[in-house]
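These notes concern the structure reproduced below.
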Protein chains: 2
Amino acid sequence: MALVDQLDIVIPTIRNLDFLEQWRPFFQPYHLIIVQDGDPTKTIKVPPGFDYELFNRNDIERIVGDKAWCISYKDSACRCFGFLVSKKRYIYTIDDDCFVAKDPSNEDINALEQHIKNLLSPATPYIFNTLYDPYREGADFVRGYPFSLREGVPTAISHGLWLNIPDYDAPTQMVKPLERNTRYVDAVLTIPKGTLYPMCGMNMAFDRALIGPAMYFGLMGEGQPIGRYDDMWAGWCSKDLAWPGWCSKVICDHLGLGVKTGLPYIYHSKASNPFTNLRKEYKGIFWQEEIIPFFQQTQLSKDSTSVTACYLELAEKVRAGLGHIDPYFAKLADGMVAWIETWQALNPDYEK
Amino acid sequence: MALVDQLDIVIPTIRNLDFLEQWRPFFQPYHLIIVQDGDPTKTIKVPPGFDYELFNRNDIERIVGDKAWCISYKDSACRCFGFLVSKKRYIYTIDDDCFVAKDPSNEDINALEQHIKNLLSPATPYIFNTLYDPYREGADFVRGYPFSLREGVPTAISHGLWLNIPDYDAPTQMVKPLERNTRYVDAVLTIPKGTLYPMCGMNMAFDRALIGPAMYFGLMGEGQPIGRYDDMWAGWCSKDLAWPGWCSKVICDHLGLGVKTGLPYIYHSKASNPFTNLRKEYKGIFWQEEIIPFFQQTQLSKDSTSVTACYLELAEKVRAGLGHIDPYFAKLADGMVAWIETWQALNPDYEK
C-alpha cells in the first residue's frame with residue numbers, strides 16, 4: 001500500500017528523535033513534519049536518512065503571523081501546526097515516546113499500515129456490527145445488519161491504542177502506578193454516531209481532506225512565548241482536554257463521516273509525571289463534566305456543510321455555551337476561529 | 001463465582017442434547033430449562049447427571065393457555081418460554097450446536113463465567129471507553145473520561161460471540177460459504193446509548209430482574225400447532241428478526257441499563273442451510289430496512305418506568321408505526337401484549 005506521496009507524519013517534540021531509529025523500516029519512506037515544542041534555540045537531532053521539515057516556535061510565528069497565539073506552546077497540542085502546513089491528504093501523528101509494539105505472535109506492528117487500512121476502508125456508524133470492522137479479512141456484517149447500510153461511510157479518523165503505559169489521567173495514574181496495558185485486542189471498530197470518546201493524539205491518523213480543519217488541538221500549554229496573554233492564560237487547564245476528539249466527532253457525525261478506534265497499537269514507553277499532570281489537568285477534570293454534556297447536546301445546523309463551516313459554528317456554540325465556566329472558553333472560541341482563518345490562508349484551495 | 005441458585009440455562013432444541021457432554025464441567029451445577037421445539041411426541045435425550053426441566057409444546061399450551069400462540073413454534077425463538085417460567089435472577093441461553101471454544105492459549109473457555117462477570121460489573125453506555133470494559137482487570141477509564149460517569153450503570157444484557165461459523169444471513173452465507181470466524185477479540189464493550197446492534201440469541205445472558213420481559217423473541221417459525229392461525233402466519237418472515245435485540249436495546253437505553261457485547265466466545269459448529277434460511281429470511285431482509293429506522297427513532301415516554309410498561313408502550317408503537325408494512329406487525333404487537341400478560345400471570349411478584 002504505497003501512500004508515500006499522500007501521507008505526512010507529524011511529530012511534536014522537545015527532544016532528540018532517537019525513537020525514529022526503531023520506526024525506520026516503516027517511516028523512512030514518508031515525509032516527516034516535526035513540530036519543535038518549547039525553546040526554539042535548542043537543537044533537535046533527527047537520525048540521518050529521514051526526509052523531514054522541522055518547525056520551531058520562530059517558524060510558527062513567522063508562518064502563522066499574528067494568529068500564532070492559537071498554536072499551543074509547551075504542550076504536544078502544538079502538533080496541529082503540522083496539520084496546517086502539510087499538503088498531503090492523510091496525516092499520521094505520533095508522540096516521540098511511542099515505540100514499535102509487538103503483536104501476539106511477536107511480530108513488529110506496522111502501525112502506519114494499519115491506520116491506512118482503517119482510513120481506506122469505510123466505517124459503519126449507524127448500527128454496531130458485533131464482529132467489529134466488517135471490512136476486515138475474515139469478517140463481515142452479521143445477520144440482522146441492514147443491507148442498505150453495508151456500503152458504510154468514508155472513514156475520517158483512525159484512532160490507535162497503546163500497549164504498556166495506558167493513557168490515564170493523573171488520578172488514575174496515582175491510584176494504579178503499576179498498571180500496564182498488556183491486552184492486545186485484535187479489533188477495529190467504528191464509534192457509533194452520537195457517541196463521544198476520549199481521543200488521544202499519541203497514535204492517530206486522519207484524512208486531512210475530509211476532517212483536517214476539525215483537528216485543532218486547542219489552547220494548551222503553559223503560556224505564550226510572546227508574553228501578551230500571560231495573565232489570561234495563567235492557570236487554565238493546560239493539558240490536552242481531548243478537545244479535538246469532541247469537536248471532530250461531533251462534526252464527523254454531522255457530515256456523515258466515520259471514526260474508527262482499536263488497532264494499531266504502539267508501545268508507549270514512559271508515563272509522564274502524575275504530579276505534574278495533576279497540576280496541569282485539574283481544571284480540565286472539572287470542566288470536562290460540563291464540556292461533554294455540551295458536546296453531546298450540540299446539533300450543528302444543516303447550513304454547515306463543510307468542515308470549516310461546522311468548525312466556525314462550533315466555535316460560536318462554545319463561546320455561548322461554555323463561556324460561563326471560565327473566560328478560557330471565550331479565548332478558546334477565538335482560537336478556534338483564528339485556527340480556521342489560518343487554515344484557509346495557508347490552504348487556499350481547501351474545500352474548493 | 002457461585003451463582004448456582006440464581007441462574008438458569010435455557011436451551012431450545014429439537015434433538016438429543018449430546019452437546020451438553022462437552023459443557024458438563026461448566027453447566028452441571030446449574031439448572032437447565034430445555035424448551036423442546038417441534039413435535040412434542042418425540043423424545044429428547046438429555047445426558048445423565050444434569051438437573052433439568054423439559055417443556056414441550058403440550059407443556060407450553062398447558063402453562064400459557066389461550067395465549068400460547070405468542071410462543072413461536074418451529075423456531076429457536078421458542079426459547080423465550082424458558083424465560084417466562086424461570087424463577088431465577090439471571091438467564092443464560094445457548095443453542096444446541098454451540099460447543100466449548102478455546103482461547104488463544106488453547107484453554108477451554110468457560111462462557112458462563114464470563115457472562116456472569118459481564119452482568120455483575122457495570123456498563124458504560126454514555127461515553128465510549130477506548131480501552132473497552134474499564135472494569136476488567138488491567139483496564140480502566142482513559143484520560144478524558146468524565147469522572148461523574150465512572151460508576152457506570154447496571155448491566156442488563158451480555159451478548160457473547162461465536163468462533164468458527166459466524167452468524168451471517170443467508171445471502172452472506174451464500175457469498176462466503178467457506179468463511180469461518182477465527183479472530184479471537186479479547187474485549188468486552190458496552191454498546192453505546194442510542195446505538196442498535198443485531199442481537200443473536202445463540203450465546204447470550206441477561207438479568208431477568210432488570211430486563212426479562214423485553215426478551216420476547218417474537219412470532220417466528222412455520223405455523224402454529226393448533227392450526228388456528230395458519231392463514232395469517234403463512235408466508236411471514238419466519239426466521240428470527242433480531243427482534244428481541246432491537247426491543248431490549250431501546251428499553252435499556254430508556255431505563256438507563258447497559259448492554260455489553262464481546263467475550264465470551266462459543267464454538268458454533270454448524271452453519272444452517274443457506275437456501276432454507278433465504279426462504280425464511282427474505283421478508284425480514286426487506287422489513288428490517290424499515291424496522292431499524294423505526295427503532296432508531298422510537299422514544300419511550302417518561303411515564304414508562306418499568307420494563308413491562310416500556311414493552312407495552314413499544315407494542316402499541318409497533319402496531320402504529322410498522323403496521324403499514326405487513327399485517328404481520330399488528331399480530332406481532334398482539335403477541336407482545338400477550339407475552340407481557342403471560343409474564344405477569346406467571347410472575348405475579350415481578351416489579352412489585
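Please note that chains go A, B, ... in the order of the C-alpha cells, that every chain numbers its residues from 1, and that ligands are numbered from 1 in the order shown.
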
Given only C-alpha atoms, how would the per-residue table for chain A near chain B read, listing every residue at most 7 Å away with its closest atom pair and distance in Å to one decimal, sorted by chain and number, as JSON lines?
{"residue": "A:Ile127", "atom": "CA", "partner": "B:Leu196", "partner_atom": "CA", "distance": 5.4}
{"residue": "A:Phe128", "atom": "CA", "partner": "B:Tyr197", "partner_atom": "CA", "distance": 4.8}
{"residue": "A:Asn129", "atom": "CA", "partner": "B:Tyr197", "partner_atom": "CA", "distance": 6.3}
{"residue": "A:Thr130", "atom": "CA", "partner": "B:Tyr197", "partner_atom": "CA", "distance": 6.9}
{"residue": "A:Gly138", "atom": "CA", "partner": "B:Asn181", "partner_atom": "CA", "distance": 6.4}
{"residue": "A:Ala139", "atom": "CA", "partner": "B:Asn181", "partner_atom": "CA", "distance": 7.0}
{"residue": "A:Val142", "atom": "CA", "partner": "B:Tyr168", "partner_atom": "CA", "distance": 4.8}
{"residue": "A:Arg143", "atom": "CA", "partner": "B:Asp169", "partner_atom": "CA", "distance": 4.4}
{"residue": "A:Gly144", "atom": "CA", "partner": "B:Pro198", "partner_atom": "CA", "distance": 5.1}
{"residue": "A:Tyr145", "atom": "CA", "partner": "B:Pro198", "partner_atom": "CA", "distance": 6.1}
{"residue": "A:Pro146", "atom": "CA", "partner": "B:Glu289", "partner_atom": "CA", "distance": 5.8}
{"residue": "A:Asp167", "atom": "CA", "partner": "B:Val142", "partner_atom": "CA", "distance": 5.6}
{"residue": "A:Tyr168", "atom": "CA", "partner": "B:Arg143", "partner_atom": "CA", "distance": 4.5}
{"residue": "A:Asp169", "atom": "CA", "partner": "B:Arg143", "partner_atom": "CA", "distance": 4.4}
{"residue": "A:Glu179", "atom": "CA", "partner": "B:Gly138", "partner_atom": "CA", "distance": 6.5}
{"residue": "A:Arg180", "atom": "CA", "partner": "B:Gly138", "partner_atom": "CA", "distance": 6.9}
{"residue": "A:Asn181", "atom": "CA", "partner": "B:Gly138", "partner_atom": "CA", "distance": 6.4}
{"residue": "A:Val185", "atom": "CA", "partner": "B:Asp186", "partner_atom": "CA", "distance": 5.1}
{"residue": "A:Asp186", "atom": "CA", "partner": "B:Val185", "partner_atom": "CA", "distance": 5.1}
{"residue": "A:Ala187", "atom": "CA", "partner": "B:Val185", "partner_atom": "CA", "distance": 6.2}
{"residue": "A:Pro192", "atom": "CA", "partner": "B:Thr195", "partner_atom": "CA", "distance": 6.6}
{"residue": "A:Thr195", "atom": "CA", "partner": "B:Ile127", "partner_atom": "CA", "distance": 6.1}
{"residue": "A:Leu196", "atom": "CA", "partner": "B:Ile127", "partner_atom": "CA", "distance": 5.4}
{"residue": "A:Tyr197", "atom": "CA", "partner": "B:Phe128", "partner_atom": "CA", "distance": 4.8}
{"residue": "A:Pro198", "atom": "CA", "partner": "B:Gly144", "partner_atom": "CA", "distance": 5.1}
{"residue": "A:Leu241", "atom": "CA", "partner": "B:Gly144", "partner_atom": "CA", "distance": 6.6}
{"residue": "A:Ala242", "atom": "CA", "partner": "B:Gly144", "partner_atom": "CA", "distance": 6.0}
{"residue": "A:Gln288", "atom": "CA", "partner": "B:Pro146", "partner_atom": "CA", "distance": 6.3}
{"residue": "A:Glu289", "atom": "CA", "partner": "B:Pro146", "partner_atom": "CA", "distance": 5.8}

Selection near A:Cys252, 10 Å with only C-alpha atoms, sequence-local residues under 2 positions removed, as a count of residues only = 22

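Excluding A:Glu53 itself and same-chain residues fewer than 3 positions from it, the residues having an atom within 12 Å of it are Asp8, Ile9, Val10, Ile11, Pro12, Tyr30, His31, Leu32, Ile33, Ile34, Val35, Gln36, Ile44, Val46, Phe50, Asn56, Asp59, Gly82, Val85 and Ser86 of chain A, counting only C-alpha atoms.
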
Restricted to C-alpha atoms, what would the selected residues look like written as a tab-separated table (two decimals), in the first residue's frame?
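What landed in result.tsv:
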chain	number	residue	atom	x	y	z
A	8	ASP	CA	2.75	13.07	6.20
A	9	ILE	CA	3.86	12.01	9.66
A	10	VAL	CA	3.55	14.78	12.23
A	11	ILE	CA	5.66	14.58	15.39
A	12	PRO	CA	5.59	17.12	18.21
A	30	TYR	CA	7.40	9.09	4.33
A	31	HIS	CA	7.85	12.79	4.80
A	32	LEU	CA	8.04	13.87	8.45
A	33	ILE	CA	6.80	17.18	9.79
A	34	ILE	CA	8.49	17.79	13.12
A	35	VAL	CA	6.99	20.46	15.33
A	36	GLN	CA	9.53	21.51	17.90
A	44	ILE	CA	16.55	18.75	17.80
A	46	VAL	CA	16.91	13.79	13.75
A	50	PHE	CA	14.76	10.70	7.08
A	56	ASN	CA	10.23	25.61	15.77
A	59	ASP	CA	8.87	29.30	12.28
A	82	GLY	CA	1.89	20.31	11.27
A	85	VAL	CA	1.30	23.14	6.71
A	86	SER	CA	1.00	19.64	5.32

For B:Arg319, list every protein, DNA or RNA residue within 10 Å, evaluated using only C-alpha atoms, and leave out those in the same chain fewer than 4 positions away; present the list as an MDAnalysis selection string.
-> chainID B and resid 314:315 323:324 327:334

Distance query A:Phe83 at most 8 Å, only C-alpha atoms, self and fewer than 6 positions along chain excluded, as number ranges by chain = A: 10, 91, 208, 212, 215

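Coordinates place atom CA of B:Pro29 at a distance of 29.2 Å from atom CA of B:Lys74.
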